[in-house]
Amino acid sequence: NGAAFSKVRGSQLGQESIRWHVVRKFLGLISSHNIPVYLIDPLILGLVDKDIEQIRSSPDGPSPECKYFCTPRDFTTFALLDKTWKHEVGLFRTAEKMGFQWLKIINKDPRLDGMDDLSGMEIPLHYIFKLASHAIHLVVFYERSGNFLWHGPLRLKQHMDRKFVPFRKLHFGRYPGAYEKPELLLVSIDDLKVQIPKNPSSFLEEISHSRFLECRYKEARAFFQLYPDDASLDAVEFRKKAKSLLHLAALTLNNLGVKFWLSSGTCLGWYRQCNVIPHSKDVDLGIFIRDYKADIIPAFQNAGLPLKHKFGKVEDSLELSFQGEDDVKLDIFFFYEEDDYIWNGGTQAKSGKKFKYLFPKFTLCWTEFVELKVHVPCETLQYVEANYGPEWKVPVKTWDWKSSPFNVQDNGVWPIDEWDNVIQIY
């Protein structure tokens, strides 16, 4: 009940103590309603991470000082898994009796959007409980079909009090985020029992790269009204194979710890029509050359995808192609970073000619594509336009990789004495 704690800190009933008391009251509130929340506050988890061994080894250890929950901040952030709790009315009633003011932020459920239906159903995304001068931000996480957790952005409706809390400071409000399901650990922090991610440092790392982009179903529907989708048996079959190839590629690269993203036609398909382009005949992935590992080729071969060709070398224009089921192949392009642009290379096997494809600098965001949590360039429009030009919305059936891309440049010729090394076809 915190009595022992109050004795230790009896003389310091300032802001620090208020913060601790608000967190204690909130934990009491949610435990009285059996709601399993866990701490995701970046500031506090950062402090906890430094002392994690000590915290793990003394689950009920004495806390001579309030080290974590008393640190200066306007709010403390917790997470809630949607499926673990449903009855909010009673919670709000109890919260009010305890002196809390509360705010509930709802928005559309993107999991119900699809090509057939843009559902207007709204779900709770964020709750904020305020007491005295401190607030608790409770972020609701939902499971998505790629077997990951997602939280929505915090967008205030017009009638809401914009001064309720400093909304701009909320870490999990600026944009949607995607996370792996964390393993949780029950610990005692500042005399309060609380669940935290078992590995705080990897969760903190996830926060910094968690931004999530939703597929553009509305635009995709408009696209298919202009250009009806190919529903032929061949197209359905190809999409099925491409999906299974992408899942296998993701599994292989994730096991190696190699970060990749949807590139070229696969990226265009996601951005333009929320699906694989049926006439593309391959799956395209991008990898920064700094993330290259020599194990990539053997790992794909062990996964049942033989190497089809290897062009270029690690220092210049590396490109790998693996043979999937039937005639579906997996192309992996390696990207090189310069001061003000990024590029990947291409090689023509018969002539040894080199090509270079230039892209504006970009960062990586998560999305969900064919039931997979996967990266795409955050600046997708600029990325797609660089590759396909301003007319990227118009489907093109005939595509020449040496001349059609908007961003292609000649890049010289490989010296003949290097051909054995830089042009390998299997």
# chains A, B, ... in the order shown; residues from 1 in each chain; ligands from 1
>>> select_by_dssp(residues="region 227-419 of chain A", states="alpha helix (DSSP H)", output="JSON, numbers by chain")
{"A": [233, 234, 235, 236, 237, 238, 239, 240, 241, 242, 243, 244, 245, 246, 247, 248, 249, 250, 251, 252, 253, 254, 255, 256, 264, 265, 266, 267, 268, 269, 270, 271, 272, 273, 296, 297, 298, 299, 300, 301, 302, 380, 381, 382, 383, 384, 385, 386, 387, 388, 419]}
>>> residues_around(residues="Val413 (chain A)", least_positions_apart="2", cutoff="6 Å", atoms="only C-alpha atoms", output="short mmCIF file (atom, residue, chain, number, x, y, z; two decimals) with N, CA and C atoms, in the first residue's frame")
data_model
loop_
_atom_site.label_atom_id
_atom_site.label_comp_id
_atom_site.auth_asym_id
_atom_site.auth_seq_id
_atom_site.Cartn_x
_atom_site.Cartn_y
_atom_site.Cartn_z
N GLY A 352 28.40 -6.98 -70.12
CA GLY A 352 29.16 -6.47 -68.97
C GLY A 352 28.86 -5.01 -68.66
N LYS A 353 27.81 -4.47 -69.32
CA LYS A 353 27.43 -3.07 -69.06
C LYS A 353 26.88 -2.93 -67.65
N LYS A 354 27.21 -1.76 -67.03
CA LYS A 354 26.73 -1.48 -65.67
C LYS A 354 25.70 -0.34 -65.71
#
>>> residues_around(residues="region 271-279 of chain A", least_positions_apart="5", cutoff="6 Å", atoms="only C-alpha atoms", output="list of chain:residue names")
A:Cys215, A:Ala220, A:Ala235
>>> write_last_selection(atoms="all heavy atoms", output="PDB file, in the first residue's frame")
ATOM      1  N   CYS A 215      -1.586   0.426 -45.477  1.00  0.00           N
ATOM      2  CA  CYS A 215      -1.806   0.284 -46.918  1.00  0.00           C
ATOM      3  C   CYS A 215      -2.911   1.259 -47.350  1.00  0.00           C
ATOM      4  O   CYS A 215      -3.843   1.509 -46.601  1.00  0.00           O
ATOM      5  CB  CYS A 215      -2.208  -1.160 -47.177  1.00  0.00           C
ATOM      6  SG  CYS A 215      -2.971  -1.392 -48.743  1.00  0.00           S
ATOM      7  N   ALA A 220      -6.216   2.353 -53.626  1.00  0.00           N
ATOM      8  CA  ALA A 220      -6.153   1.093 -54.369  1.00  0.00           C
ATOM      9  C   ALA A 220      -7.506   0.788 -55.022  1.00  0.00           C
ATOM     10  O   ALA A 220      -7.565   0.329 -56.169  1.00  0.00           O
ATOM     11  CB  ALA A 220      -5.750  -0.048 -53.434  1.00  0.00           C
ATOM     12  N   ALA A 235      -2.948 -15.304 -62.654  1.00  0.00           N
ATOM     13  CA  ALA A 235      -2.665 -14.192 -61.743  1.00  0.00           C
ATOM     14  C   ALA A 235      -2.845 -14.634 -60.291  1.00  0.00           C
ATOM     15  O   ALA A 235      -2.015 -14.326 -59.421  1.00  0.00           O
ATOM     16  CB  ALA A 235      -3.585 -13.014 -62.048  1.00  0.00           C
TER      17      ALA A 235
END
>>> closest_residue(among="A:Phe78, A:Phe26, A:Leu192, A:Pro153", to="Leu91 (chain A)", atoms="only C-alpha atoms")
A:Phe26
>>> residues_around(residues="Tyr336 (chain A)", least_positions_apart="2", cutoff="6 Å", atoms="only C-alpha atoms", output="VMD selection string")
chain A and resid 289 342 to 343
>>> write_last_selection(atoms="C-alpha atoms", output="compact mmCIF listing (two decimals), in the first residue's frame")
# COMPACT_ATOMS: atom_id res chain seq x y z
CA ILE A 289 25.07 -2.88 -48.37
CA ILE A 342 21.19 6.29 -52.45
CA TRP A 343 21.69 3.95 -55.40
>>> residues_around(residues="Phe359 (chain A)", least_positions_apart="3", cutoff="8 Å", atoms="only C-alpha atoms", output="PyMOL selection string")
chain A and resi 341-343+383+386-387+407
>>> closest_residue(among="A:Glu371, A:Glu385, A:Glu379, A:Glu96", to="Phe148 (chain A)", atoms="only C-alpha atoms")
A:Glu371
>>> residues_around(residues="Ser208 (chain A)", least_positions_apart="4", cutoff="12 Å", atoms="only C-alpha atoms", output="PyMOL selection string")
chain A and resi 42+171-172+175+177-179+201-204+212+363-366
>>> closest_residue(among="A:Arg174, A:Lys169, A:Arg216, A:Lys373", to="Phe260 (chain A)", atoms="only C-alpha atoms")
A:Lys373
>>> residues_around(residues="region 300-305 of chain A", least_positions_apart="6", cutoff="10 Å", atoms="only C-alpha atoms", output="list of chain:residue names")
A:Leu245, A:Leu248, A:Ala249, A:Leu251, A:Thr252, A:Leu253, A:Ser321, A:Phe322, A:Gln323, A:Gly324, A:Glu325, A:Lys329, A:Leu330
>>> closest_residue(among="A:Pro72, A:Asp291, A:His309, A:Val394", to="Tyr227 (chain A)", atoms="only C-alpha atoms")
A:Val394
>>> atom_distance(atom1="CA of Pro36 (chain A)", atom2="CA of Phe100 (chain A)")
19.1 Å
